[in-house]
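Peer 1: Hey, dropping structure08.txt in here, compact mmCIF, C-alpha atoms:
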# COMPACT_ATOMS: atom_id res chain seq x y z
CA MET A 660 43.15 12.09 10.90
CA GLN A 661 41.54 11.76 7.46
CA GLU A 662 43.07 8.30 7.20
CA PHE A 663 41.54 7.36 10.56
CA ARG A 664 38.13 8.70 9.47
CA ASN A 665 38.23 6.66 6.26
CA ALA A 666 39.27 3.49 8.07
CA SER A 667 36.49 4.10 10.62
CA HIS A 668 33.87 4.43 7.88
CA LYS A 669 35.16 1.29 6.18
CA TRP A 670 35.29 -0.96 9.25
CA GLY A 671 32.22 0.63 10.81
CA LYS A 672 30.17 -0.14 7.72
CA ILE A 673 31.54 -3.68 7.36
CA THR A 674 30.78 -4.63 10.97
CA LEU A 675 27.39 -2.89 11.12
CA GLY A 676 26.44 -4.28 7.69
CA ILE A 677 27.10 -7.87 8.75
CA ALA A 678 25.32 -7.25 12.05
CA ILE A 679 22.21 -6.01 10.21
CA LEU A 680 22.29 -9.10 7.97
CA ILE A 681 22.55 -11.44 10.97
CA SER A 682 19.68 -9.60 12.68
CA PHE A 683 17.41 -10.25 9.71
CA ALA A 684 18.76 -13.73 8.96
CA LEU A 685 17.75 -15.27 12.29
CA PRO A 686 13.99 -14.65 12.13
CA ILE A 687 13.91 -15.39 8.37
CA TYR A 688 15.71 -18.69 8.96
CA ILE A 689 13.34 -19.74 11.75
CA SER A 690 10.31 -18.73 9.68
CA PHE A 691 11.12 -20.18 6.29
CA VAL A 692 13.80 -22.84 6.77
CA MET A 693 12.52 -24.31 10.01
CA GLY A 694 8.87 -23.47 9.31
CA TYR A 695 7.93 -21.71 12.56
CA HIS A 696 6.37 -18.70 10.85
CA PRO A 697 4.04 -16.62 13.03
CA GLY A 698 2.51 -14.87 9.98
CA PHE A 699 3.28 -11.41 8.65
CA SER A 700 0.19 -9.70 10.04
CA LEU A 701 1.22 -10.68 13.57
CA ILE A 702 4.81 -9.61 12.91
CA LEU A 703 3.63 -6.25 11.61
CA ASN A 704 1.30 -5.69 14.58
CA SER A 705 3.94 -6.57 17.09
CA PHE A 706 6.66 -4.58 15.33
CA LEU A 707 4.46 -1.48 15.06
CA ALA A 708 3.63 -1.64 18.77
CA TYR A 709 7.36 -1.74 19.50
CA ALA A 710 8.34 0.85 16.89
CA ALA A 711 5.74 3.29 18.21
CA VAL A 712 7.82 3.51 21.38
CA VAL A 713 11.40 3.41 20.07
CA ALA A 714 11.44 4.32 16.36
CA ILE A 715 12.07 8.02 16.95
CA VAL A 716 15.09 7.16 19.11
CA TRP A 717 16.73 5.32 16.17
CA PHE A 718 17.18 8.71 14.50
CA LEU A 719 17.52 11.05 17.46
CA GLU A 720 20.26 9.24 19.37
CA PRO A 721 22.89 8.94 16.63
CA ILE A 722 22.40 12.62 15.70
CA MET A 723 22.23 13.88 19.29
CA TYR A 724 25.40 12.09 20.43
CA PHE A 725 27.43 12.63 17.25
CA PRO A 726 29.26 15.78 18.44
CA VAL A 727 30.42 13.83 21.49
CA LEU A 728 31.20 10.46 19.87
CA GLY A 729 32.51 11.51 16.45
CA VAL A 730 32.66 9.16 13.45
CA SER A 731 34.56 6.28 15.03
CA GLY A 732 32.79 6.49 18.38
CA THR A 733 29.39 6.45 16.70
CA TYR A 734 30.10 3.22 14.82
CA VAL A 735 31.31 1.48 17.98
CA ALA A 736 28.67 2.88 20.35
CA PHE A 737 25.70 2.10 18.11
CA PHE A 738 26.79 -1.51 17.76
CA THR A 739 27.85 -2.31 21.30
CA GLY A 740 24.92 -0.46 22.89
CA ASN A 741 24.61 0.87 26.46
CA ILE A 742 25.20 4.36 25.10
CA SER A 743 24.08 6.57 27.97
CA ASN A 744 25.08 4.31 30.85
CA MET A 745 28.43 3.09 29.50
CA CYS A 746 29.73 4.67 26.27
CA LEU A 747 29.19 8.34 27.13
CA PRO A 748 30.59 7.95 30.67
CA ALA A 749 33.61 6.16 29.14
CA VAL A 750 34.21 9.07 26.73
CA ALA A 751 33.79 11.59 29.54
CA SER A 752 36.17 9.96 31.99
CA CYS A 753 38.82 9.19 29.35
CA GLN A 754 38.85 12.76 28.05
CA GLU A 755 39.05 13.99 31.63
CA ALA A 756 41.84 11.54 32.59
CA VAL A 757 43.97 12.38 29.55
CA GLY A 758 43.02 16.06 29.48
CA VAL A 759 41.66 16.50 25.94
CA LYS A 760 38.63 18.55 24.88
CA PRO A 761 35.38 17.01 23.57
CA GLY A 762 34.57 17.81 19.93
CA THR A 763 38.24 17.88 18.84
CA ASP A 764 40.22 15.27 16.87
CA GLU A 765 42.22 14.26 19.95
CA GLY A 766 38.98 14.08 21.93
CA GLU A 767 37.45 11.71 19.36
CA ILE A 768 40.50 9.42 19.27
CA ILE A 769 40.79 9.21 23.06
CA GLY A 770 37.02 8.70 23.31
CA THR A 771 37.11 5.84 20.80
CA LEU A 772 39.98 4.16 22.67
CA GLY A 773 37.83 4.36 25.79
CA ILE A 774 34.59 3.11 24.19
CA SER A 775 36.34 0.19 22.45
CA ALA A 776 37.96 -0.89 25.71
CA ALA A 777 34.64 -0.45 27.53
CA SER A 778 32.86 -2.52 24.88
CA LEU A 779 35.35 -5.38 25.34
CA VAL A 780 35.12 -5.35 29.13
CA ASN A 781 31.32 -5.26 28.88
CA LYS A 782 31.25 -8.44 26.77
CA ILE A 783 33.79 -10.17 29.02
CA ILE A 784 31.52 -9.55 32.03
CA LEU A 785 28.24 -10.17 30.22
CA ILE A 786 28.96 -13.48 28.48
CA PRO A 787 29.65 -15.60 31.60
CA VAL A 788 26.68 -13.94 33.31
CA ILE A 789 24.33 -14.97 30.53
CA LEU A 790 25.81 -18.45 30.32
CA GLY A 791 25.50 -18.75 34.11
CA GLY A 792 22.04 -17.23 33.84
CA LEU A 793 19.46 -17.84 36.48
CA TRP A 794 21.90 -19.55 38.83
CA LEU A 795 23.48 -16.18 39.51
CA LEU A 796 20.36 -14.69 41.04
CA THR A 797 20.34 -17.42 43.67
CA VAL A 798 23.92 -16.56 44.68
CA ILE A 799 23.71 -12.75 45.01
CA PRO A 800 22.06 -11.97 48.38
CA GLU A 801 18.69 -10.29 48.08
CA SER A 802 19.75 -7.28 50.15
CA VAL A 803 22.54 -6.60 47.65
CA GLN A 804 20.15 -7.02 44.71
CA GLU A 805 17.99 -4.27 46.18
CA VAL A 806 20.78 -1.79 45.47
CA PHE A 807 20.88 -2.57 41.73
CA PRO A 808 18.14 -0.13 40.67
CA PHE A 809 20.30 2.66 42.08
CA VAL A 810 23.23 1.95 39.77
CA LEU A 811 21.74 4.35 37.20
CA PRO A 812 21.38 7.48 39.38
CA ALA A 813 24.89 6.74 40.71
CA ILE A 814 26.43 6.63 37.22
CA PHE A 815 24.51 9.61 35.89
CA GLY A 816 25.19 11.78 38.93
CA ALA A 817 28.91 10.97 38.92
CA VAL A 818 29.29 11.75 35.21
CA LEU A 819 27.34 14.99 35.56
CA ALA A 820 29.70 16.05 38.34
CA GLN A 821 32.72 15.27 36.17
CA PHE A 822 31.61 18.09 33.88
CA ALA A 823 30.19 20.32 36.56
CA GLY A 824 33.72 20.51 37.97
CA LYS A 825 34.75 22.50 34.92
CA PHE A 826 31.49 24.37 34.33
CA PRO A 827 29.80 24.46 37.76
CA LEU A 828 27.13 26.92 36.66
CA TYR A 829 26.11 24.84 33.64
CA GLY A 830 26.13 21.65 35.72
CA VAL A 831 23.62 23.05 38.21
CA LEU A 832 21.61 24.56 35.38
CA ALA A 833 21.53 21.22 33.51
CA LEU A 834 20.27 19.41 36.58
CA VAL A 835 17.53 21.98 37.22
CA ILE A 836 16.44 21.90 33.57
CA GLY A 837 16.62 18.09 33.67
CA ILE A 838 14.39 17.79 36.73
CA LEU A 839 11.83 20.30 35.39
CA ILE A 840 11.66 18.75 31.92
CA ASN A 841 11.41 15.20 33.23
CA ALA A 842 8.65 16.17 35.65
CA ALA A 843 6.74 17.81 32.78
CA PRO A 844 4.07 15.73 31.02
CA ILE A 845 5.76 15.58 27.59
CA PRO A 846 6.66 12.49 25.50
CA LEU A 847 9.71 10.62 26.82
CA PHE A 848 11.74 10.76 23.60
CA THR A 849 11.63 14.58 23.45
CA LYS A 850 13.07 15.08 26.94
CA ASN A 851 16.82 14.62 26.39
CA VAL A 852 16.73 16.52 23.11
CA LEU A 853 14.85 19.39 24.68
CA CYS A 854 17.39 19.60 27.50
CA ILE A 855 20.24 19.73 24.97
CA ILE A 856 18.59 22.47 22.92
CA ILE A 857 17.82 24.62 25.98
CA LEU A 858 21.26 24.26 27.59
CA VAL A 859 23.31 24.69 24.39
CA GLY A 860 21.12 27.70 23.58
CA ILE A 861 21.86 29.27 26.96
CA MET A 862 25.59 28.52 26.63
CA LEU A 863 25.77 30.14 23.19
CA LEU A 864 23.86 33.16 24.46
CA ILE A 865 26.17 33.62 27.44
CA GLY A 866 29.18 33.17 25.16
CA LYS A 867 27.84 35.91 22.87
CA ILE A 868 27.25 38.35 25.75
CA ARG A 869 30.78 37.72 27.08
CA ASN A 870 32.23 38.30 23.62
CA LYS A 871 30.36 41.59 23.35
CA ASP A 872 31.66 42.65 26.77
CA ASN A 873 35.19 41.87 25.65
CA THR A 874 34.95 43.87 22.46
CA ALA A 875 33.22 46.78 24.25
CA SER A 876 35.94 47.03 26.90
CA GLU A 877 38.76 46.88 24.37
CA MET B 826 8.61 -28.67 21.56
CA THR B 827 7.71 -25.60 23.63
CA GLY B 828 8.81 -22.09 22.70
CA MET B 829 11.21 -22.11 25.63
CA ASP B 830 12.93 -25.32 24.45
CA PHE B 831 13.27 -23.80 21.03
CA ALA B 832 14.60 -20.54 22.50
CA ASN B 833 17.63 -22.43 23.81
CA SER B 834 18.16 -24.58 20.68
CA PRO B 835 21.49 -24.72 18.77
CA VAL B 836 20.12 -22.61 15.87
CA VAL B 837 19.51 -19.58 18.08
CA TRP B 838 22.85 -20.10 19.85
CA THR B 839 24.65 -20.09 16.49
CA PHE B 840 23.26 -16.73 15.35
CA ALA B 841 23.69 -15.20 18.81
CA GLY B 842 27.28 -16.45 18.94
CA ALA B 843 28.00 -14.95 15.51
CA ILE B 844 26.86 -11.47 16.47
CA ILE B 845 28.81 -11.55 19.77
CA VAL B 846 31.98 -12.59 17.92
CA LEU B 847 31.37 -9.69 15.53
CA VAL B 848 30.92 -7.09 18.25
CA ILE B 849 34.12 -8.28 19.97
CA PHE B 850 35.96 -8.16 16.65
CA GLN B 851 34.74 -4.58 16.12
CA ALA B 852 35.96 -3.47 19.54
CA ILE B 853 39.43 -4.94 18.92
CA LYS B 854 39.55 -3.46 15.41
CA PHE B 855 38.67 0.06 16.58
CA LEU B 856 41.05 -0.26 19.49
CA SER B 857 43.93 -0.80 17.07
CA LEU B 858 42.65 1.83 14.59
CA SER B 859 42.41 4.51 17.27
CA LYS B 860 45.77 3.53 18.79
CA LYS B 861 47.37 4.09 15.40
CA ALA B 862 45.56 7.41 14.92
CA ALA B 863 46.60 8.50 18.43
CA ARG B 864 50.27 7.90 17.59
CA ASP B 865 49.84 9.78 14.29
CA VAL B 866 48.53 12.93 15.99
CA GLY B 867 51.21 12.71 18.65
CA ILE B 868 49.34 11.42 21.70
CA SER B 869 51.84 9.76 24.08
CA GLU B 870 51.89 6.03 24.87
CA THR B 871 51.12 6.83 28.53
CA ASP B 872 47.97 8.71 27.50
CA ILE B 873 46.90 5.86 25.20
CA LYS B 874 47.29 3.38 28.04
CA ARG B 875 45.49 5.73 30.40
CA ALA B 876 42.51 6.03 28.02
CA VAL B 877 42.22 2.27 27.55
CA LYS B 878 42.47 1.67 31.28
CA THR B 879 39.93 4.38 32.13
CA GLY B 880 37.47 3.02 29.54
CA SER B 881 37.83 -0.49 30.95
CA ILE B 882 37.27 0.62 34.55
CA THR B 883 34.27 2.74 33.54
CA ALA B 884 32.61 -0.28 31.91
CA ILE B 885 32.61 -2.39 35.09
CA GLY B 886 29.85 -0.53 36.97
CA PRO B 887 27.32 -0.32 34.12
CA SER B 888 28.00 -3.93 33.08
CA ILE B 889 27.21 -5.23 36.55
CA GLY B 890 24.23 -2.88 36.71
CA ILE B 891 22.46 -4.56 33.78
CA ILE B 892 22.94 -8.09 35.17
CA ILE B 893 19.60 -8.25 36.96
CA VAL B 894 17.53 -7.13 33.98
CA ALA B 895 19.57 -9.39 31.71
CA VAL B 896 19.01 -12.37 33.96
CA SER B 897 15.30 -11.69 34.29
CA LEU B 898 15.09 -11.50 30.51
CA ILE B 899 16.62 -14.99 30.28
CA SER B 900 13.64 -16.46 32.09
CA LEU B 901 11.36 -14.88 29.47
CA ILE B 902 13.15 -15.36 26.13
CA GLY B 903 15.96 -17.85 26.82
CA ASN B 904 19.74 -17.44 27.05
CA PRO B 905 20.93 -17.00 23.44
CA LEU B 906 18.38 -14.36 22.39
CA THR B 907 19.11 -12.45 25.61
CA MET B 908 22.80 -12.55 24.73
CA MET B 909 22.07 -11.39 21.19
CA ARG B 910 19.88 -8.50 22.33
CA ILE B 911 21.79 -7.33 25.42
CA GLY B 912 25.22 -7.89 23.87
CA VAL B 913 24.58 -5.41 21.06
CA ILE B 914 22.60 -2.14 20.77
CA GLY B 915 19.34 -2.17 22.64
CA SER B 916 18.95 -1.84 26.35
CA ALA B 917 17.67 -4.43 28.77
CA PRO B 918 14.53 -2.47 29.75
CA ILE B 919 13.61 -1.77 26.11
CA GLU B 920 14.11 -5.41 25.15
CA SER B 921 11.90 -6.65 28.00
CA MET B 922 9.24 -4.21 26.89
CA GLY B 923 9.54 -5.35 23.24
CA ALA B 924 9.26 -9.01 24.19
CA GLN B 925 6.23 -8.25 26.32
CA LEU B 926 4.56 -6.30 23.50
CA SER B 927 5.12 -9.15 21.03
CA ALA B 928 3.61 -11.74 23.33
CA GLN B 929 0.69 -9.40 24.07
CA SER B 930 -0.10 -8.86 20.40
CA ALA B 931 -0.34 -12.65 20.02
CA GLY B 932 -2.46 -12.90 23.16
CA VAL B 933 -0.08 -15.11 25.16
CA THR B 934 2.34 -14.59 28.03
CA LEU B 935 6.10 -14.99 27.68
CA ALA B 936 7.36 -18.40 28.75
CA GLY B 937 3.76 -19.29 29.72
CA ASP B 938 1.03 -21.43 28.13
CA GLY B 939 0.80 -21.00 24.36
CA PHE B 940 4.42 -19.77 24.12
CA SER B 941 5.14 -21.86 21.01
CA PRO B 942 8.21 -21.73 18.73
CA GLU B 943 6.11 -19.49 16.44
CA ILE B 944 5.49 -16.99 19.23
CA PHE B 945 9.15 -17.10 20.18
CA ASN B 946 9.99 -16.31 16.56
CA LEU B 947 7.55 -13.39 16.70
CA VAL B 948 9.62 -12.01 19.59
CA VAL B 949 12.78 -12.60 17.51
CA TRP B 950 11.34 -10.69 14.54
CA THR B 951 10.33 -7.74 16.71
CA LEU B 952 13.51 -7.44 18.76
CA CYS B 953 15.96 -8.12 15.91
CA ILE B 954 14.41 -5.65 13.48
CA GLY B 955 13.92 -3.22 16.34
CA GLY B 956 17.59 -3.36 17.27
CA ALA B 957 18.64 -3.12 13.64
CA GLY B 958 16.89 0.28 13.49
CA TRP B 959 19.81 2.06 15.17
CA MET B 960 22.38 0.17 13.13
CA ILE B 961 20.67 0.89 9.81
CA PHE B 962 20.42 4.60 10.58
CA THR B 963 24.04 4.74 11.79
CA PHE B 964 25.17 2.78 8.71
CA PHE B 965 23.64 5.31 6.30
CA ALA B 966 23.73 8.59 8.23
CA THR B 967 27.23 8.68 9.77
CA PRO B 968 29.00 9.78 6.56
CA TYR B 969 26.53 12.69 6.24
CA LEU B 970 26.89 13.67 9.89
CA SER B 971 30.64 13.57 9.41
CA ARG B 972 30.43 15.90 6.40
CA ILE B 973 28.29 18.40 8.34
CA GLN B 974 30.86 18.33 11.15
CA THR B 975 33.77 18.89 8.76
CA LYS B 976 31.97 21.83 7.15
CA LEU B 977 31.23 23.36 10.54
CA THR B 978 34.75 23.04 11.91
CA SER B 979 36.34 24.46 8.74
CA LYS B 980 34.69 27.83 9.42
CA PRO B 981 36.60 30.16 11.76
CA LYS B 982 33.97 30.05 14.49
CA GLY B 983 33.18 26.39 13.81
CA GLU B 984 35.71 24.82 16.15
CA TYR B 985 34.44 26.94 19.03
CA LEU B 986 30.84 26.09 18.17
CA MET B 987 31.58 22.35 17.97
CA GLY B 988 33.22 22.46 21.39
CA ILE B 989 30.22 24.20 22.96
CA VAL B 990 27.74 21.83 21.32
CA ALA B 991 29.75 18.74 22.30
CA SER B 992 30.23 19.66 25.95
CA GLY B 993 26.79 21.28 26.20
CA ALA B 994 25.07 18.19 24.80
CA MET B 995 26.92 16.00 27.26
CA ILE B 996 26.13 18.12 30.33
CA ALA B 997 22.50 18.50 29.24
CA VAL B 998 21.96 14.78 28.65
CA PHE B 999 23.39 13.83 32.02
CA GLY B 1000 21.45 16.60 33.73
CA SER B 1001 18.32 15.19 32.14
CA LEU B 1002 19.16 11.54 32.95
CA THR B 1003 20.04 12.39 36.55
CA GLY B 1004 16.88 14.50 36.85
CA ALA B 1005 14.74 11.64 35.55
CA GLU B 1006 16.19 9.33 38.21
CA MET B 1007 15.84 11.89 41.01
CA ILE B 1008 12.11 12.38 40.54
CA LYS B 1009 11.62 8.67 41.32
CA GLY B 1010 11.96 9.26 45.07
CA ALA B 1011 14.14 9.93 48.09
CA PRO B 1012 16.64 7.03 47.79
CA TYR B 1013 17.26 8.01 44.16
CA ILE B 1014 17.90 11.65 45.10
CA PHE B 1015 20.18 10.47 47.91
CA THR B 1016 22.18 8.19 45.56
CA ALA B 1017 22.59 10.87 42.91
CA ILE B 1018 23.72 13.49 45.43
CA VAL B 1019 26.26 11.15 47.04
CA ALA B 1020 27.55 10.29 43.56
CA ILE B 1021 27.85 13.97 42.59
CA ILE B 1022 29.70 14.86 45.80
CA SER B 1023 32.07 11.85 45.61
CA SER B 1024 32.85 12.50 41.95
CA LEU B 1025 33.55 16.20 42.61
CA THR B 1026 35.76 15.30 45.58
CA PHE B 1027 37.79 12.65 43.72
CA ASN B 1028 38.37 14.91 40.73
CA TYR B 1029 39.30 17.83 43.01
CA ILE B 1030 41.85 15.76 44.94
CA ALA B 1031 43.21 14.17 41.74
CA ASN B 1032 43.72 17.57 40.09
CA LYS B 1033 45.04 19.31 43.20
CA LYS B 1034 47.60 16.64 44.06
CA GLY B 1035 48.18 15.50 40.47
CA ILE B 1036 47.22 11.88 41.17
CA ASN B 1037 46.52 10.49 37.73
CA TRP B 1038 45.41 6.98 38.68
CA LEU B 1039 42.69 8.52 40.85
CA LYS B 1040 41.19 10.18 37.77
CA GLU B 1041 40.94 6.78 36.10
CA TRP B 1042 39.14 5.29 39.10
CA SER B 1043 37.07 8.34 40.07
CA LEU B 1044 33.88 7.24 38.28
CA GLY B 1045 34.15 3.64 39.52
CA PHE B 1046 34.78 4.72 43.11
CA SER B 1047 31.96 7.25 43.03
CA ILE B 1048 29.46 4.64 41.85
CA LEU B 1049 30.62 2.17 44.49
CA ILE B 1050 30.47 4.70 47.32
CA SER B 1051 26.96 5.86 46.43
CA LEU B 1052 25.73 2.25 46.18
CA VAL B 1053 27.19 1.40 49.59
CA ALA B 1054 25.62 4.57 50.99
CA VAL B 1055 22.18 3.80 49.57
CA TYR B 1056 22.46 0.21 50.86
CA PHE B 1057 22.44 1.63 54.39
CA PHE B 1058 19.91 4.33 53.50
CA ILE B 1059 17.11 1.99 52.39
Please express what this file holds, its structure, as structure tokens.
Peer 2:
Amino acid sequence: MQEFRNASHKWGKITLGIAILISFALPIYISFVMGYHPGFSLILNSFLAYAAVVAIVWFLEPIMYFPVLGVSGTYVAFFTGNISNMCLPAVASCQEAVGVKPGTDEGEIIGTLGISAASLVNKIILIPVILGGLWLLTVIPESVQEVFPFVLPAIFGAVLAQFAGKFPLYGVLALVIGILINAAPIPLFTKNVLCIIILVGIMLLIGKIRNKDNTASE
Amino acid sequence: MTGMDFANSPVVWTFAGAIIVLVIFQAIKFLSLSKKAARDVGISETDIKRAVKTGSITAIGPSIGIIIVAVSLISLIGNPLTMMRIGVIGSAPIESMGAQLSAQSAGVTLAGDGFSPEIFNLVVWTLCIGGAGWMIFTFFATPYLSRIQTKLTSKPKGEYLMGIVASGAMIAVFGSLTGAEMIKGAPYIFTAIVAIISSLTFNYIANKKGINWLKEWSLGFSILISLVAVYFFI
């Protein structure tokens, strides 16, 4: 397992490192080699407007999902993207199909197998779509396109149920907490984290009470 | 040259192609790394195959789901930048918002009048650095997160704690995500409930009768059924 962790760090850092370089190289190349420079004050303004919305998520998401994804899963998920709608469901259904527990070594390995496969399939579907581009929208009937916004609730609900099967009480509780917190007027980025803290807190509390009961009855 | 012509020029295609090749390479690399690790800890070949198959099936629904946003983004920022931003970390809705914000701060509209190569590059700066945010944090923080995890699990109660946090975090996040969708209105509630019921039913049947292939398809089927149901609902 240690060998796998080390290899994951090595290849995770190599691939992410090159990806970061490419991300910076493109705008620098267009600005200073080709000469289409918009000016740094504009770049800063525009970047700050964008960062104001997402910057906090850069830190929260990798930390929040780490217990689920593990070392290897984190490197893959935070490069390929589509974390909540693809990577986490992939981990969940793989662990369920094989029958391993999340947060264990086996869980991490099975999860990474699933995410890597998911990442490949995602690119295989996405590349022709983007090459085909606008033509595609003229082919898919409009009535079918109307269903597309509902893909998200369908995925999220199905994944939630996958867990609720094993912990029905926590599943219902999570949904109730989720609805209440999302209806509350608090900043968007705090919502998922808050739900995690509340639910994990309740689970630990219930676990403690049950433990006490066990020791008292012994 | 307009910004839109430039957006589809060979230079942008080259960089976008490079990052897509890299993300595919990473997936293949980690597939082989985790296969090897699976064999080392004694996971059977059948289970390895099952995990790969389940992951692949699970990816189909979400990948098709982002097509519409991806395609609408193409009309705003061109094909290669869309590929570069949707193909790696960053989500279609966030990228559309980022592109919009960049154009706004320059006082022009995307793909409209005044969308020059310079403005296109402004969008590139914003979206590329924005997307790199996750990667930079992951690059530096993962070793530390790993150390914290190792320390936790080495304690006697640690393993139990890790399990609770991992499954609790997962249930909580999906409760929150489902909740956020449900408060959007009746068809959303309907879709989510159909998905929950189908998923529960498939997993129940699969476990009861020991049908393993059904477990692999359960998520895919559930998504499909709820989409067909909502098609007739709206």
Peer 1: Could you pull the residues within 9 Å of Ile944 in chain B, counting all atoms listed in the file, minus those fewer than 5 positions along the same chain, as a list in words?
Peer 2: Tyr695, His696 and Pro697 of chain A; Gly828, Ser927, Ala928, Ala931, Val933, Leu935, Gly939 and Val949 of chain B
Peer 1: Of the candidates B:Phe831, B:Phe964, B:Phe855, B:Phe940, which one gets nearest to Phe718 in chain A if we count all atoms listed in the file?
Peer 2: B:Phe964
Peer 1: Quick one: pull the distance between CA of Ser682 in chain A and CA of Ala841 in chain B, Å, one decimal.
Peer 2: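 Atom-to-atom, CA of Ser682 in chain A and CA of Ala841 in chain B are spaced 9.2 Å apart.
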Peer 1: My list of candidates is B:Asn1032, B:Asn946, B:Ser1047, B:Thr1016. Which is closest to Pro812 in chain A when distances are computed with all atoms listed in the file?
Peer 2: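 Ranked by minimum distance to Pro812 in chain A, first place goes to B:Thr1016.
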Peer 1: For a test of reading the model, state the distance in Å between CA of Leu675 in chain A and CA of Thr907 in chain B, rounded to one decimal.
Peer 2: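 If I compute the distance from CA of Leu675 in chain A to CA of Thr907 in chain B, I get 19.2 Å.
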Peer 1: Is there a way to get, as a ChimeraX atom specification, all residues within 12 Å of the point (27.0, 1.8, 27.2) in file coordinates, counting all atoms listed in the file?
Peer 2: /A:732-733,735-750,773-782,811,814-815 /B:880-881,883-891,911-917
Peer 1: I'd like the contact shell of Ile961 in chain B - 9 Å cut-off, all atoms listed in the file, skipping same-chain residues fewer than 6 positions apart - returned as a list in words.
Peer 2: Leu675, Gly676, Ile679 and Trp717 of chain A
Peer 1: Can you give me N, CA and C atoms for range 706-718 of chain A, written as an mmCIF file, in the frame of the given file?
Peer 2:
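Once everything was written out, this is out37.cif:
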data_model
loop_
_atom_site.group_PDB
_atom_site.id
_atom_site.type_symbol
_atom_site.label_atom_id
_atom_site.label_comp_id
_atom_site.auth_asym_id
_atom_site.auth_seq_id
_atom_site.Cartn_x
_atom_site.Cartn_y
_atom_site.Cartn_z
ATOM 1 N N PHE A 706 5.564 -5.504 15.628
ATOM 2 C CA PHE A 706 6.660 -4.580 15.330
ATOM 3 C C PHE A 706 6.189 -3.132 15.459
ATOM 4 N N LEU A 707 4.964 -2.848 14.978
ATOM 5 C CA LEU A 707 4.460 -1.480 15.060
ATOM 6 C C LEU A 707 4.276 -1.036 16.508
ATOM 7 N N ALA A 708 3.806 -1.971 17.358
ATOM 8 C CA ALA A 708 3.630 -1.640 18.770
ATOM 9 C C ALA A 708 4.976 -1.259 19.379
ATOM 10 N N TYR A 709 6.015 -1.990 18.980
ATOM 11 C CA TYR A 709 7.360 -1.740 19.500
ATOM 12 C C TYR A 709 7.936 -0.459 18.902
ATOM 13 N N ALA A 710 7.777 -0.316 17.581
ATOM 14 C CA ALA A 710 8.340 0.850 16.890
ATOM 15 C C ALA A 710 7.714 2.144 17.372
ATOM 16 N N ALA A 711 6.425 2.080 17.741
ATOM 17 C CA ALA A 711 5.740 3.290 18.210
ATOM 18 C C ALA A 711 6.477 3.884 19.409
ATOM 19 N N VAL A 712 7.111 3.019 20.192
ATOM 20 C CA VAL A 712 7.820 3.510 21.380
ATOM 21 C C VAL A 712 9.248 3.936 21.063
ATOM 22 N N VAL A 713 9.963 3.142 20.226
ATOM 23 C CA VAL A 713 11.400 3.410 20.070
ATOM 24 C C VAL A 713 11.832 4.015 18.747
ATOM 25 N N ALA A 714 10.968 3.964 17.703
ATOM 26 C CA ALA A 714 11.440 4.320 16.360
ATOM 27 C C ALA A 714 12.114 5.694 16.321
ATOM 28 N N ILE A 715 11.525 6.666 17.002
ATOM 29 C CA ILE A 715 12.070 8.020 16.950
ATOM 30 C C ILE A 715 13.487 8.062 17.512
ATOM 31 N N VAL A 716 13.767 7.192 18.473
ATOM 32 C CA VAL A 716 15.090 7.160 19.110
ATOM 33 C C VAL A 716 16.166 6.669 18.146
ATOM 34 N N TRP A 717 15.762 5.796 17.171
ATOM 35 C CA TRP A 717 16.730 5.320 16.170
ATOM 36 C C TRP A 717 17.403 6.490 15.463
ATOM 37 N N PHE A 718 16.633 7.561 15.229
ATOM 38 C CA PHE A 718 17.180 8.710 14.500
ATOM 39 C C PHE A 718 17.796 9.728 15.445
#
